[in-house]
$ cat coords-v9.cif   # mmCIF, C-alpha atoms
data_query
loop_
_atom_site.label_atom_id
_atom_site.label_comp_id
_atom_site.auth_asym_id
_atom_site.auth_seq_id
_atom_site.Cartn_x
_atom_site.Cartn_y
_atom_site.Cartn_z
CA MET W 128 3.30 -25.86 -22.45
CA ARG W 129 5.89 -27.81 -20.47
CA GLU W 130 3.76 -30.96 -20.52
CA ASN W 131 2.95 -30.50 -24.21
CA ARG W 132 -0.74 -30.29 -23.44
CA ILE W 133 -1.08 -27.27 -25.69
CA THR W 134 0.65 -26.46 -28.96
CA LEU W 135 1.23 -22.84 -29.88
CA ASP W 136 1.44 -21.46 -33.40
CA ASN W 137 4.23 -18.87 -33.41
CA THR W 138 3.53 -17.63 -36.94
CA ILE W 139 0.35 -15.70 -36.10
CA HIS W 140 1.86 -12.81 -34.15
CA THR W 141 4.62 -11.34 -36.27
CA LYS W 142 4.81 -7.79 -34.91
CA LEU W 143 7.71 -6.88 -32.64
CA ALA W 144 6.36 -7.68 -29.17
CA THR W 145 7.28 -6.63 -25.64
CA TYR W 146 6.18 -7.77 -22.20
CA HIS W 147 5.02 -5.44 -19.45
CA ASP W 148 5.98 -6.53 -15.92
CA PRO W 149 3.03 -5.82 -13.62
CA CYS W 150 4.23 -4.54 -10.24
CA ASN W 151 2.21 -7.15 -8.38
CA TYR W 152 3.62 -10.12 -10.35
CA GLY W 153 7.19 -8.92 -10.18
CA ARG W 154 8.58 -6.42 -7.74
CA LYS W 155 5.86 -6.90 -5.11
CA SER W 156 5.79 -10.71 -5.37
CA LEU W 157 9.54 -10.72 -4.90
CA LYS W 158 9.13 -8.71 -1.74
CA ALA W 159 6.10 -10.62 -0.40
CA PHE W 160 6.91 -14.20 -1.43
CA GLY W 161 10.61 -14.18 -2.25
CA HIS W 162 9.91 -14.92 -5.93
CA GLY W 163 9.22 -12.35 -8.61
CA TYR W 164 7.34 -13.74 -11.60
CA PHE W 165 9.53 -12.09 -14.22
CA GLU W 166 10.50 -14.98 -16.49
CA GLU W 167 7.27 -17.01 -16.66
CA GLY W 168 5.36 -14.42 -18.67
CA ARG W 169 8.33 -13.86 -20.98
CA ILE W 170 8.68 -17.58 -21.73
CA ILE W 171 5.00 -17.71 -22.71
CA THR W 172 5.15 -14.49 -24.73
CA ARG W 173 8.24 -15.58 -26.65
CA ALA W 174 6.64 -18.94 -27.43
CA CYS W 175 3.91 -17.01 -29.28
CA CYS W 176 5.92 -14.02 -30.52
CA PRO W 177 9.39 -14.97 -31.81
CA SER W 178 10.06 -11.32 -32.51
CA PHE W 179 10.54 -9.97 -29.00
CA VAL W 180 12.26 -7.05 -27.31
CA ASP W 181 12.41 -6.00 -23.65
CA MET W 182 11.66 -2.50 -22.43
CA GLU W 183 14.33 -0.70 -20.43
CA PRO W 184 14.37 -0.88 -17.48
CA ASN W 185 12.50 -4.15 -16.95
CA ARG W 186 11.78 -6.83 -14.35
CA ASN W 187 12.44 -5.49 -10.85
CA GLY W 188 13.19 -2.04 -12.19
CA ASN W 189 10.13 -1.83 -14.44
CA TYR W 190 7.88 1.21 -14.38
CA CYS W 191 4.25 0.86 -13.31
CA CYS W 192 1.66 1.45 -16.05
CA GLY W 193 0.14 4.15 -13.86
CA ALA W 194 -3.19 2.47 -13.15
CA GLY W 195 -2.17 0.11 -10.34
CA GLY W 196 -3.40 0.08 -6.76
CA GLY W 197 -6.93 0.83 -7.89
CA ALA W 198 -5.87 3.98 -9.79
CA TRP W 199 -7.77 2.81 -12.90
CA ALA W 200 -10.98 3.33 -10.92
CA MET W 201 -9.92 6.47 -9.02
CA PRO W 202 -11.26 9.90 -9.86
CA TYR W 203 -7.73 11.15 -10.65
CA ALA W 204 -7.56 10.53 -14.40
CA PRO W 205 -5.16 13.38 -15.35
CA GLU W 206 -2.67 12.20 -12.72
CA ARG W 207 -3.04 8.60 -13.95
CA VAL W 208 -2.23 9.60 -17.54
CA PHE W 209 0.70 11.77 -16.44
CA TYR W 210 1.96 8.84 -14.36
CA GLY W 211 1.85 6.65 -17.47
CA ARG W 212 4.08 8.94 -19.53
CA ILE W 213 7.20 7.01 -18.51
CA LYS W 214 5.59 3.71 -19.49
CA ALA W 215 4.55 5.21 -22.82
CA ARG W 216 8.11 6.41 -23.44
CA GLN W 217 9.51 2.98 -22.57
CA ILE W 218 7.20 1.39 -25.15
CA GLN W 219 8.08 3.94 -27.83
CA GLU W 220 11.81 3.57 -27.22
CA CYS W 221 11.80 -0.23 -27.49
CA GLY W 222 9.94 -0.06 -30.81
CA ALA W 223 7.42 -2.80 -30.05
CA LYS W 224 4.04 -2.70 -31.77
CA MET W 225 2.51 -5.43 -29.61
CA VAL W 226 2.46 -5.09 -25.83
CA ILE W 227 1.58 -8.11 -23.70
CA ALA W 228 -0.01 -7.27 -20.36
CA PRO W 229 -0.75 -10.06 -17.91
CA CYS W 230 -2.85 -7.90 -15.56
CA HIS W 231 -6.33 -6.44 -16.04
CA ASN W 232 -5.40 -3.01 -14.69
CA CYS W 233 -2.26 -2.71 -16.79
CA ARG W 234 -4.02 -3.89 -19.93
CA ASP W 235 -6.82 -1.36 -19.54
CA GLN W 236 -4.40 1.49 -18.93
CA LEU W 237 -2.16 0.53 -21.88
CA LYS W 238 -4.93 -0.26 -24.34
CA LYS W 239 -7.68 2.17 -23.48
CA SER W 240 -5.68 5.12 -22.15
CA LEU W 241 -1.94 5.37 -22.94
CA ASN W 242 -2.28 4.06 -26.50
CA LYS W 243 -4.60 6.95 -27.36
CA GLU W 244 -3.12 9.67 -25.16
CA PHE W 245 0.43 9.14 -26.43
CA ASP W 246 -0.51 8.00 -29.94
CA LEU W 247 1.50 4.79 -29.53
CA GLY W 248 -0.10 2.84 -32.39
CA ILE W 249 0.26 -0.42 -30.49
CA GLU W 250 -1.82 -3.55 -30.14
CA VAL W 251 -2.31 -4.67 -26.53
CA LYS W 252 -3.23 -8.20 -25.49
CA TYR W 253 -3.63 -10.02 -22.23
CA LEU W 254 -1.09 -12.80 -21.83
CA TRP W 255 -3.89 -15.38 -21.95
CA GLU W 256 -5.48 -13.65 -24.93
CA LEU W 257 -2.18 -14.09 -26.77
CA VAL W 258 -2.07 -17.77 -25.85
CA SER W 259 -5.72 -18.26 -26.79
CA ASP W 260 -5.13 -16.64 -30.18
CA SER W 261 -2.02 -18.81 -30.75
CA VAL W 262 -3.23 -22.16 -29.45
CA ILE W 263 -3.87 -24.92 -31.97
CA ILE W 264 -7.19 -26.60 -31.27
CA PRO W 265 -6.77 -30.37 -31.50
CA THR W 266 -9.02 -31.85 -34.19
CA LYS W 267 -9.99 -34.95 -32.21
CA LYS W 268 -11.01 -34.63 -28.58
CA MET P 1488 18.23 -6.76 25.28
CA MET P 1489 19.00 -6.66 21.57
CA TYR P 1490 22.28 -6.32 19.71
CA GLU P 1491 21.90 -4.19 16.58
CA PHE P 1492 24.37 -4.59 13.74
CA LYS P 1493 25.01 -4.02 10.07
CA VAL P 1494 26.04 -6.93 7.90
CA ALA P 1495 29.35 -5.33 6.94
CA ASP P 1496 30.28 -4.62 10.59
CA LEU P 1497 29.52 -8.15 11.76
CA ALA P 1498 31.44 -9.58 8.80
CA GLU P 1499 34.49 -7.58 9.85
CA GLU P 1500 34.10 -8.59 13.48
CA PHE P 1501 34.01 -12.30 12.56
CA GLY P 1502 36.52 -12.06 9.74
CA VAL P 1503 34.13 -13.48 7.14
CA HIS P 1504 32.57 -12.18 3.95
CA ARG P 1505 29.34 -10.16 4.02
CA ASN P 1506 27.65 -12.90 2.01
CA THR P 1507 28.52 -15.39 4.75
CA ILE P 1508 26.69 -13.26 7.31
CA ARG P 1509 23.71 -12.96 4.95
CA ASN P 1510 23.71 -16.73 4.44
CA TRP P 1511 23.80 -17.27 8.20
CA ILE P 1512 20.84 -14.93 8.62
CA ASN P 1513 18.85 -16.65 5.84
CA SER P 1514 19.60 -20.12 7.20
CA ARG P 1515 18.77 -19.00 10.77
CA THR P 1516 22.25 -20.02 11.92
CA LEU P 1517 22.25 -16.44 13.04
CA PRO P 1518 18.80 -15.69 14.50
CA ALA P 1519 18.48 -12.03 13.51
CA GLN P 1520 15.52 -9.90 12.46
CA GLU P 1521 15.84 -7.34 9.71
CA GLY P 1522 15.11 -3.82 10.90
CA PRO P 1523 15.06 -0.31 9.53
CA GLY P 1524 17.95 1.02 7.50
CA LYS P 1525 19.29 -2.41 6.49
CA ARG P 1526 20.23 -3.03 10.11
CA TYR P 1527 19.64 -6.31 11.90
CA ALA P 1528 18.92 -7.08 15.52
CA MET P 1529 19.47 -10.24 17.56
CA LYS P 1530 19.31 -11.04 21.22
CA VAL P 1531 22.50 -10.23 23.07
CA SER P 1532 22.49 -13.78 24.44
CA ASP P 1533 22.48 -15.13 20.86
CA TYR P 1534 25.27 -12.74 19.95
CA VAL P 1535 27.35 -13.83 22.93
CA ALA P 1536 26.70 -17.51 22.08
CA LEU P 1537 27.86 -16.89 18.51
CA CYS P 1538 31.02 -15.18 19.78
CA ASP P 1539 31.72 -18.10 22.14
CA LYS P 1540 31.29 -20.55 19.26
CA PHE P 1541 33.99 -18.85 17.20
CA GLY P 1542 36.24 -17.80 20.08
CA ILE P 1543 35.64 -14.08 19.69
CA ILE P 1544 35.40 -11.63 22.57
CA PRO P 1545 31.91 -10.09 22.49
CA LYS P 1546 31.68 -6.30 22.16
CA VAL P 1547 28.70 -6.28 24.50
CA ASN P 1548 27.32 -8.68 27.09
CA MET P 1549 24.34 -8.95 29.39
CA GLU P 1550 26.17 -7.34 32.30
CA MET P 1551 26.40 -4.14 30.32
CA ALA P 1552 22.62 -3.74 30.28
CA VAL P 1553 21.57 -0.57 32.06
CA GLU P 1554 18.91 -0.86 34.73
CA ILE P 1555 16.31 1.89 34.33
CA GLU P 1556 15.93 2.45 38.10
CA GLU P 1557 19.67 2.77 38.47
CA LEU P 1558 19.80 5.24 35.60
CA LYS P 1559 17.08 7.37 37.22
CA THR P 1560 19.05 7.57 40.46
CA ILE P 1561 22.26 8.53 38.66
CA THR P 1562 20.55 11.17 36.51
CA THR P 1563 18.74 12.72 39.47
CA ALA P 1564 21.91 12.76 41.57
CA GLN P 1565 23.93 14.42 38.80
CA THR P 1566 21.43 17.03 37.65
CA GLY P 1567 19.20 17.52 40.66
CA GLN P 1568 16.27 17.21 38.23
CA PRO P 1569 13.75 14.38 38.14
CA ILE P 1570 14.22 12.16 35.08
CA LEU P 1571 12.09 13.07 32.09
CA GLN P 1572 9.80 10.22 31.20
CA LEU P 1573 8.43 9.96 27.67
CA GLY P 1574 4.78 9.03 27.24
CA GLU P 1575 3.21 6.11 25.42
CA LYS P 1576 3.82 5.65 21.71
CA THR P 1577 1.33 7.86 19.87
CA ASN P 1578 2.48 7.52 16.24
CA THR P 1579 0.36 4.76 14.76
CA LEU P 1580 1.69 4.90 11.22
CA PHE P 1581 4.96 3.12 11.92
CA ASP P 1582 5.49 -0.10 13.84
CA ASP P 1583 8.67 1.53 15.09
CA PRO P 1584 9.56 5.22 14.56
CA SER P 1585 13.05 4.26 13.40
CA TRP P 1586 11.43 2.85 10.22
CA GLY P 1587 10.90 6.45 9.24
CA ASP P 1588 13.78 8.00 11.08
CA VAL P 1589 16.39 6.13 9.04
CA CYS P 1590 15.18 8.14 6.02
CA LEU P 1591 17.94 10.53 5.01
CA THR P 1592 15.63 12.42 2.60
CA CYS P 1593 18.19 11.59 -0.09
CA GLY P 1594 15.49 11.63 -2.76
CA THR P 1595 16.24 8.33 -4.47
CA CYS P 1596 12.58 7.37 -3.93
CA ALA P 1597 11.33 10.62 -5.40
CA SER P 1598 13.57 10.16 -8.46
CA ALA P 1599 12.15 6.68 -9.00
CA CYS P 1600 8.50 7.66 -8.46
CA PRO P 1601 6.67 8.57 -11.69
CA ILE P 1602 4.19 10.78 -9.84
CA ALA P 1603 6.58 12.61 -7.48
CA GLY P 1604 6.11 16.34 -7.84
CA VAL P 1605 2.44 16.15 -8.81
CA ASN P 1606 0.27 18.13 -6.37
CA GLY P 1607 3.24 18.24 -4.01
CA LEU P 1608 3.48 14.46 -3.69
CA ASP P 1609 6.94 13.41 -2.52
CA PRO P 1610 7.64 10.09 -0.75
CA ARG P 1611 10.32 11.76 1.42
CA LYS P 1612 7.88 14.37 2.63
CA ILE P 1613 5.24 11.73 3.38
CA VAL P 1614 7.69 9.65 5.41
CA ARG P 1615 8.87 12.75 7.28
CA MET P 1616 5.30 13.89 7.99
CA ALA P 1617 4.47 10.44 9.34
CA VAL P 1618 7.49 10.53 11.65
CA LEU P 1619 6.46 13.95 12.89
CA GLY P 1620 2.95 12.73 13.65
CA LEU P 1621 1.12 14.76 10.99
CA GLU P 1622 -1.30 11.87 10.65
CA GLU P 1623 -4.54 13.73 10.00
CA GLU P 1624 -2.94 15.82 7.23
CA LEU P 1625 -1.69 12.66 5.55
CA ILE P 1626 -4.96 10.76 5.89
CA GLU P 1627 -6.89 13.69 4.43
CA SER P 1628 -4.48 14.18 1.52
CA SER P 1629 -5.06 12.60 -1.88
CA TRP P 1630 -1.41 11.45 -2.14
CA PRO P 1631 -1.93 7.84 -0.97
CA TRP P 1632 -4.63 7.42 -3.65
CA LYS P 1633 -2.60 8.89 -6.51
CA CYS P 1634 0.30 6.64 -5.58
CA THR P 1635 -0.21 3.24 -7.26
CA MET P 1636 1.75 1.40 -4.55
CA CYS P 1637 4.01 0.11 -7.33
CA GLY P 1638 6.98 -0.26 -4.99
CA LYS P 1639 9.51 1.49 -7.23
CA CYS P 1640 10.41 3.82 -4.34
CA GLU P 1641 11.08 0.95 -1.96
CA GLU P 1642 13.14 -0.89 -4.52
CA ALA P 1643 15.28 2.22 -4.89
CA CYS P 1644 15.54 3.14 -1.18
CA PRO P 1645 19.04 2.48 0.20
CA MET P 1646 17.68 2.39 3.75
CA ASN P 1647 14.79 -0.06 3.24
CA VAL P 1648 12.11 2.36 4.39
CA GLU P 1649 8.75 0.61 3.95
CA ILE P 1650 7.04 3.35 1.99
CA VAL P 1651 4.35 1.18 0.36
CA LYS P 1652 3.30 -0.22 3.72
CA LEU P 1653 2.97 3.35 4.98
CA MET P 1654 0.87 4.33 1.94
CA ARG P 1655 -1.48 1.40 2.40
CA ARG P 1656 -1.79 2.13 6.11
CA LEU P 1657 -2.76 5.71 5.23
CA ARG P 1658 -5.42 4.38 2.85
CA SER P 1659 -6.80 2.08 5.51
CA ARG P 1660 -7.14 5.00 7.92
CA ARG P 1661 -9.48 6.97 5.62
CA PRO P 1662 -13.08 6.81 6.84
CA ARG P 1663 -14.75 4.30 4.52
CA ASN P 1664 -17.30 6.80 3.19
CA LEU P 1665 -14.42 9.04 2.06
CA VAL P 1666 -12.51 6.42 0.05
CA PRO P 1667 -12.24 7.95 -3.45
CA GLY P 1668 -13.93 6.34 -6.44
CA PRO P 1669 -15.88 3.09 -6.46
CA ILE P 1670 -13.42 0.76 -4.72
CA HIS P 1671 -14.98 0.81 -1.27
CA LYS P 1672 -18.45 0.56 -2.78
CA GLY P 1673 -17.16 -2.49 -4.66
CA VAL P 1674 -15.90 -4.05 -1.43
CA ALA P 1675 -19.25 -3.42 0.30
CA MET P 1676 -21.11 -4.86 -2.69
CA CYS P 1677 -18.85 -7.91 -2.75
CA LEU P 1678 -19.46 -8.57 0.93
CA GLU P 1679 -23.23 -8.24 0.39
CA ARG P 1680 -23.74 -9.89 -3.00
CA GLY P 1681 -20.59 -11.94 -3.67
CA ASN P 1682 -19.11 -9.79 -6.44
CA ASN P 1683 -17.98 -6.18 -6.80
CA LEU P 1684 -20.66 -5.22 -9.31
CA GLY P 1685 -23.62 -7.03 -7.76
CA ILE P 1686 -24.28 -9.33 -10.73
CA PRO P 1687 -27.20 -11.62 -9.78
CA LYS P 1688 -26.57 -15.36 -9.56
CA ASP P 1689 -29.11 -16.32 -12.25
CA ASP P 1690 -27.80 -13.75 -14.74
CA PHE P 1691 -24.26 -14.99 -14.21
CA ALA P 1692 -25.21 -18.64 -14.71
CA PHE P 1693 -27.22 -17.81 -17.84
CA LEU P 1694 -24.40 -15.69 -19.30
CA LEU P 1695 -21.80 -18.42 -18.76
CA GLN P 1696 -24.01 -21.03 -20.37
CA ASP P 1697 -24.78 -18.77 -23.32
CA LEU P 1698 -21.11 -17.89 -23.90
CA GLY P 1699 -20.21 -21.57 -23.67
CA GLU P 1700 -22.65 -22.35 -26.49
CA GLU P 1701 -21.12 -19.57 -28.57
CA LEU P 1702 -17.61 -20.89 -28.03
CA ALA P 1703 -18.72 -24.41 -28.99
CA ALA P 1704 -20.15 -23.06 -32.23
CA GLU P 1705 -17.09 -20.87 -32.98
CA THR P 1706 -13.95 -22.91 -32.27
CA CYS P 1707 -14.44 -25.58 -29.61
CA PRO P 1708 -16.97 -28.28 -30.64
CA GLY P 1709 -18.74 -29.91 -27.71
CA PHE P 1710 -17.71 -27.20 -25.20
CA THR P 1711 -20.02 -26.50 -22.26
CA THR P 1712 -19.19 -24.13 -19.39
CA PRO P 1713 -18.47 -26.20 -16.25
CA LEU P 1714 -20.40 -24.29 -13.56
CA GLU P 1715 -20.26 -25.87 -10.08
CA VAL P 1716 -18.65 -29.14 -11.17
CA ARG P 1717 -17.51 -30.96 -8.03
CA GLY P 1718 -14.12 -32.66 -8.16
CA SER P 1719 -12.70 -30.46 -10.93
CA ARG P 1720 -8.95 -29.98 -10.70
CA LEU P 1721 -9.01 -26.18 -10.92
CA LEU P 1722 -11.32 -23.59 -9.42
CA ILE P 1723 -11.31 -20.43 -11.52
CA THR P 1724 -12.29 -16.99 -10.22
CA VAL P 1725 -13.74 -14.30 -12.48
CA ASN P 1726 -13.04 -10.56 -12.70
CA SER P 1727 -16.56 -9.09 -12.49
CA LYS P 1728 -15.60 -6.50 -15.11
CA GLU P 1729 -15.80 -9.27 -17.70
CA PRO P 1730 -19.33 -10.61 -17.22
CA PHE P 1731 -20.45 -7.00 -16.70
CA ALA P 1732 -18.85 -5.26 -19.68
CA GLU P 1733 -16.56 -7.54 -21.70
CA PRO P 1734 -18.13 -11.02 -21.52
CA ASP P 1735 -16.45 -12.36 -24.67
CA ASP P 1736 -13.07 -11.89 -22.97
CA MET P 1737 -13.83 -14.85 -20.70
CA LYS P 1738 -13.67 -17.19 -23.68
CA TRP P 1739 -9.91 -16.76 -24.07
CA TRP P 1740 -9.18 -18.73 -20.92
CA TRP P 1741 -11.90 -21.24 -21.73
CA LYS P 1742 -10.39 -21.94 -25.14
CA ILE P 1743 -7.00 -22.64 -23.55
CA PHE P 1744 -8.61 -25.04 -21.07
CA TYR P 1745 -10.42 -26.78 -23.94
CA ALA P 1746 -7.20 -27.17 -25.94
CA ALA P 1747 -5.34 -28.51 -22.88
CA ASN P 1748 -8.23 -30.81 -21.93
CA GLU P 1749 -8.15 -29.24 -18.48
CA SER P 1750 -10.56 -30.09 -15.67
CA TRP P 1751 -11.92 -26.81 -14.26
CA THR P 1752 -14.98 -25.13 -12.81
CA VAL P 1753 -16.45 -21.80 -11.74
CA SER P 1754 -18.53 -21.48 -8.57
CA ALA P 1755 -22.09 -20.15 -8.80
CA ASP P 1756 -21.60 -17.80 -5.82
CA ASN P 1757 -18.66 -15.76 -4.56
CA TRP P 1758 -16.71 -16.14 -7.80
CA GLU P 1759 -15.19 -12.64 -7.67
CA GLY P 1760 -11.44 -12.68 -8.24
CA VAL P 1761 -10.83 -8.96 -7.69
CA ASN P 1762 -10.22 -8.22 -4.03
CA TRP P 1763 -10.50 -4.46 -3.81
CA GLY P 1764 -9.84 -4.56 -0.05
CA LEU P 1765 -6.18 -4.79 -1.06
CA PHE P 1766 -6.39 -1.32 -2.60
CA SER P 1767 -8.87 0.31 -0.22
CA GLY P 1768 -6.81 -0.82 2.79
CA ASP P 1769 -9.53 -3.05 4.25
CA ASP P 1770 -7.88 -6.15 5.75
CA GLU P 1771 -11.07 -7.50 7.34
CA ALA P 1772 -12.98 -7.48 4.06
CA MET P 1773 -9.99 -8.96 2.23
CA LYS P 1774 -9.90 -11.82 4.68
CA THR P 1775 -13.64 -12.50 4.36
CA ILE P 1776 -13.49 -12.49 0.56
CA VAL P 1777 -10.44 -14.78 0.44
CA GLY P 1778 -12.13 -17.07 2.98
CA ARG P 1779 -15.13 -17.46 0.70
CA ILE P 1780 -12.89 -18.59 -2.16
CA VAL P 1781 -11.27 -21.15 0.14
CA ASP P 1782 -14.76 -22.33 1.14
CA ASN P 1783 -15.60 -22.82 -2.54
CA LEU P 1784 -12.39 -24.77 -3.10
CA GLU P 1785 -13.26 -27.11 -0.25
CA ARG P 1786 -16.95 -27.40 -1.09
CA LEU P 1787 -16.22 -28.27 -4.73
CA HIS P 1788 -13.24 -30.51 -3.85
CA CYS P 1789 -10.89 -28.67 -6.20
CA GLU P 1790 -7.15 -29.26 -6.03
CA ALA P 1791 -5.91 -25.83 -7.02
CA LEU P 1792 -7.04 -22.24 -7.45
CA LEU P 1793 -6.44 -20.14 -10.53
CA LEU P 1794 -6.93 -16.39 -10.23
CA PRO P 1795 -6.78 -15.66 -13.92
CA GLU P 1796 -4.92 -12.38 -13.92
#
$ encode --input "coords-v9.cif" --output "structure tokens"
Amino acid sequence: MRENRITLDNTIHTKLATYHDPCNYGRKSLKAFGHGYFEEGRIITRACCPSFVDMEPNRNGNYCCGAGGGAWAMPYAPERVFYGRIKARQIQECGAKMVIAPCHNCRDQLKKSLNKEFDLGIEVKYLWELVSDSVIIPTKK
Amino acid sequence: MMYEFKVADLAEEFGVHRNTIRNWINSRTLPAQEGPGKRYAMKVSDYVALCDKFGIIPKVNMEMAVEIEELKTITTAQTGQPILQLGEKTNTLFDDPSWGDVCLTCGTCASACPIAGVNGLDPRKIVRMAVLGLEEELIESSWPWKCTMCGKCEEACPMNVEIVKLMRRLRSRRPRNLVPGPIHKGVAMCLERGNNLGIPKDDFAFLLQDLGEELAAETCPGFTTPLEVRGSRLLITVNSKEPFAEPDDMKWWWKIFYAANESWTVSADNWEGVNWGLFSGDDEAMKTIVGRIVDNLERLHCEALLLPE
């Protein structure tokens, strides 16, 4: 994006969008590496979705989706869904209908579990899925 | 001998702002290590040197150090009892018991934790149990596996107790055959076959080629999947979930690479990007799996690694 190697069409995704901060990209990267990747994903999301809103709290204070640390694969599904109730409420309160998740675990929990359990009526995309669906393919290679 | 201090106290002692002390620590002007409860420790000799530098009379100096033998003599003379000697450190869950002992059980962690209260899980209780040496009870409990190690508790903790580190240490102490769910099986499979789900090499290569042809026909004319292309700029790992269950999802990244005219490749072996040793608490396996990715980077002469998640 910075080097203009890809061009993004920002008219495709018109729903109000929000960005979910995965614990490992944000809070835990900040602790482990001294840099939390909070802004990078937002810059990319906003380049595709001009209609954007943040959840509260966000960034370092964001709530986990509930499926991190291997919980998506653990045999504790009721606990995992209960865990996700705060995430579900955050999404409902911000009013977004498109949630961008840059992590496999988070995306699966949001799309396949919380969306149904809490009747959120949202669309969930990976960050790179959003970019792929927005990228303009050059006509001449 | 170490001098332990809090930032605010040292700032007052030197007549500077707290931020100045923090800046000195970060720049190593002040060689201190962060310890439990937002306290720092530095060698007394460094502390004395710092005091000398700024013309301040040190609160402590080396001459104040107590000799253990001397202390024994004094204690015995005063009480008539032999000195009580504590045994070796037996608590293996904390590097230093004060990491847990600074916990005030204030409950900020429990308020921040979305799963606190479920089946009796409470970060305060877990920290306290670890301090008290109730290791077996903790290792056998399901709490460390219901916790997602999200770090919300640590972010909230006013005393910097390393709760996530404790949780992961508890996970690592579970016998491997008792790790819940498939994550240890995935680690074992990855060590044996190069990916968590045991996808055979030929199937993987065929799938990637086939998907590449589909993508070329759909949106990216002339696209072919670059498997094992030496000298590519990027090496890309793959989440085995995708070739196993959601193969079309791999095309999203490929389309971006095509649009950006990126130079990239995927290795034919050991392409797994999901290191479940992180979650199962298996440092040895984690290291082996990361090492294989580094080997691929070197073998294929790639400049950079992209773990696409």
$ residues_around --input "coords-v9.cif" --residues "P:Val1531" --least-positions-apart "3" --cutoff "8 Å" --atoms "all atoms listed in the file" --output "PyMOL selection string"
chain P and resi 1488-1490+1534-1535+1547-1549
$ resolve_selection --input "coords-v9.cif" --expression "the PyMOL selection byres ((chain W) within 9 of (chain P))" --output "ChimeraX atom specification"
/W:131-134,149-151,154-155,187-191,193-198,200-203,206-207,209-213,229-231,253-260,262-265,268
$ axis_aligned_box --input "coords-v9.cif" --around "stretch 184-199 of chain W" --padding-each-side "5 Å" --output "JSON"
{"center_x": 3.3, "center_y": -1.3, "center_z": -12.1, "size_x": 32.1, "size_y": 21.0, "size_z": 20.7}
$ residues_around --input "coords-v9.cif" --residues "W:Val226" --least-positions-apart "5" --cutoff "9 Å" --atoms "all atoms listed in the file" --output "PyMOL selection string"
chain W and resi 143-147+218+234+237-238+249-253
$ resolve_selection --input "coords-v9.cif" --expression "the PyMOL selection byres ((chain P and resi 1543) around 12)" --output "list in words"
Leu1497, Glu1499, Glu1500, Phe1501, Gly1502, Tyr1534, Val1535, Ala1536, Leu1537, Cys1538, Asp1539, Lys1540, Phe1541, Gly1542, Ile1544, Pro1545, Lys1546 and Val1547 of chain P
$ closest_residue --input "coords-v9.cif" --among "P:Asn1513, P:Leu1721, P:Ile1776, P:Glu1715" --to "P:Gly1673" --atoms "all atoms listed in the file"
P:Ile1776
$ residues_around --input "coords-v9.cif" --residues "P:Glu1759" --least-positions-apart "3" --cutoff "9 Å" --atoms "all atoms listed in the file" --output "PyMOL selection string"
chain P and resi 1677+1681-1683+1724-1727+1756+1762+1776+1780
$ resolve_selection --input "coords-v9.cif" --expression "the PyMOL selection byres ((chain P and resi 1688) around 12)" --output "ChimeraX atom specification"
/P:1680-1682,1684-1687,1689-1695,1714,1730,1754-1759
$ atom_distance --input "coords-v9.cif" --atom1 "atom CA of W:Ile227" --atom2 "atom CA of P:Val1674"
28.6 Å
$ residues_around --input "coords-v9.cif" --residues "P:Phe1581" --least-positions-apart "6" --cutoff "12 Å" --atoms "all atoms listed in the file" --output "MDAnalysis selection string"
chainID P and resid 1523 1587:1588 1614:1620 1622 1648:1657
$ atom_distance --input "coords-v9.cif" --atom1 "atom CA of P:Leu1794" --atom2 "atom CA of P:Gly1718"
17.9 Å
$ closest_residue --input "coords-v9.cif" --among "W:Thr141, W:Ser261, W:Thr266, W:Asn242" --to "W:Phe179" --atoms "all atoms listed in the file"
W:Thr141
$ atom_distance --input "coords-v9.cif" --atom1 "atom CA of W:Gly163" --atom2 "atom CA of W:Ala228"
15.8 Å
$ build_atoms --input "coords-v9.cif" --residues "stretch 129-136 of chain W" --atoms "N, CA and C atoms" --output "mmCIF file, keeping the file's coordinate frame"
data_model
loop_
_atom_site.group_PDB
_atom_site.id
_atom_site.type_symbol
_atom_site.label_atom_id
_atom_site.label_comp_id
_atom_site.auth_asym_id
_atom_site.auth_seq_id
_atom_site.Cartn_x
_atom_site.Cartn_y
_atom_site.Cartn_z
ATOM 1 N N ARG W 129 4.808 -26.916 -20.872
ATOM 2 C CA ARG W 129 5.890 -27.810 -20.470
ATOM 3 C C ARG W 129 5.514 -29.276 -20.658
ATOM 4 N N GLU W 130 4.226 -29.568 -20.399
ATOM 5 C CA GLU W 130 3.760 -30.960 -20.520
ATOM 6 C C GLU W 130 3.241 -31.272 -21.914
ATOM 7 N N ASN W 131 3.435 -30.336 -22.826
ATOM 8 C CA ASN W 131 2.950 -30.500 -24.210
ATOM 9 C C ASN W 131 1.443 -30.718 -24.293
ATOM 10 N N ARG W 132 0.720 -30.146 -23.375
ATOM 11 C CA ARG W 132 -0.740 -30.290 -23.440
ATOM 12 C C ARG W 132 -1.349 -29.281 -24.394
ATOM 13 N N ILE W 133 -0.624 -28.213 -24.662
ATOM 14 C CA ILE W 133 -1.080 -27.270 -25.690
ATOM 15 C C ILE W 133 0.058 -27.012 -26.677
ATOM 16 N N THR W 134 -0.334 -26.790 -27.924
ATOM 17 C CA THR W 134 0.650 -26.460 -28.960
ATOM 18 C C THR W 134 0.361 -25.034 -29.422
ATOM 19 N N LEU W 135 1.409 -24.233 -29.503
ATOM 20 C CA LEU W 135 1.230 -22.840 -29.880
ATOM 21 C C LEU W 135 1.786 -22.584 -31.280
ATOM 22 N N ASP W 136 1.022 -21.849 -32.048
ATOM 23 C CA ASP W 136 1.440 -21.460 -33.400
ATOM 24 C C ASP W 136 2.178 -20.123 -33.295
#
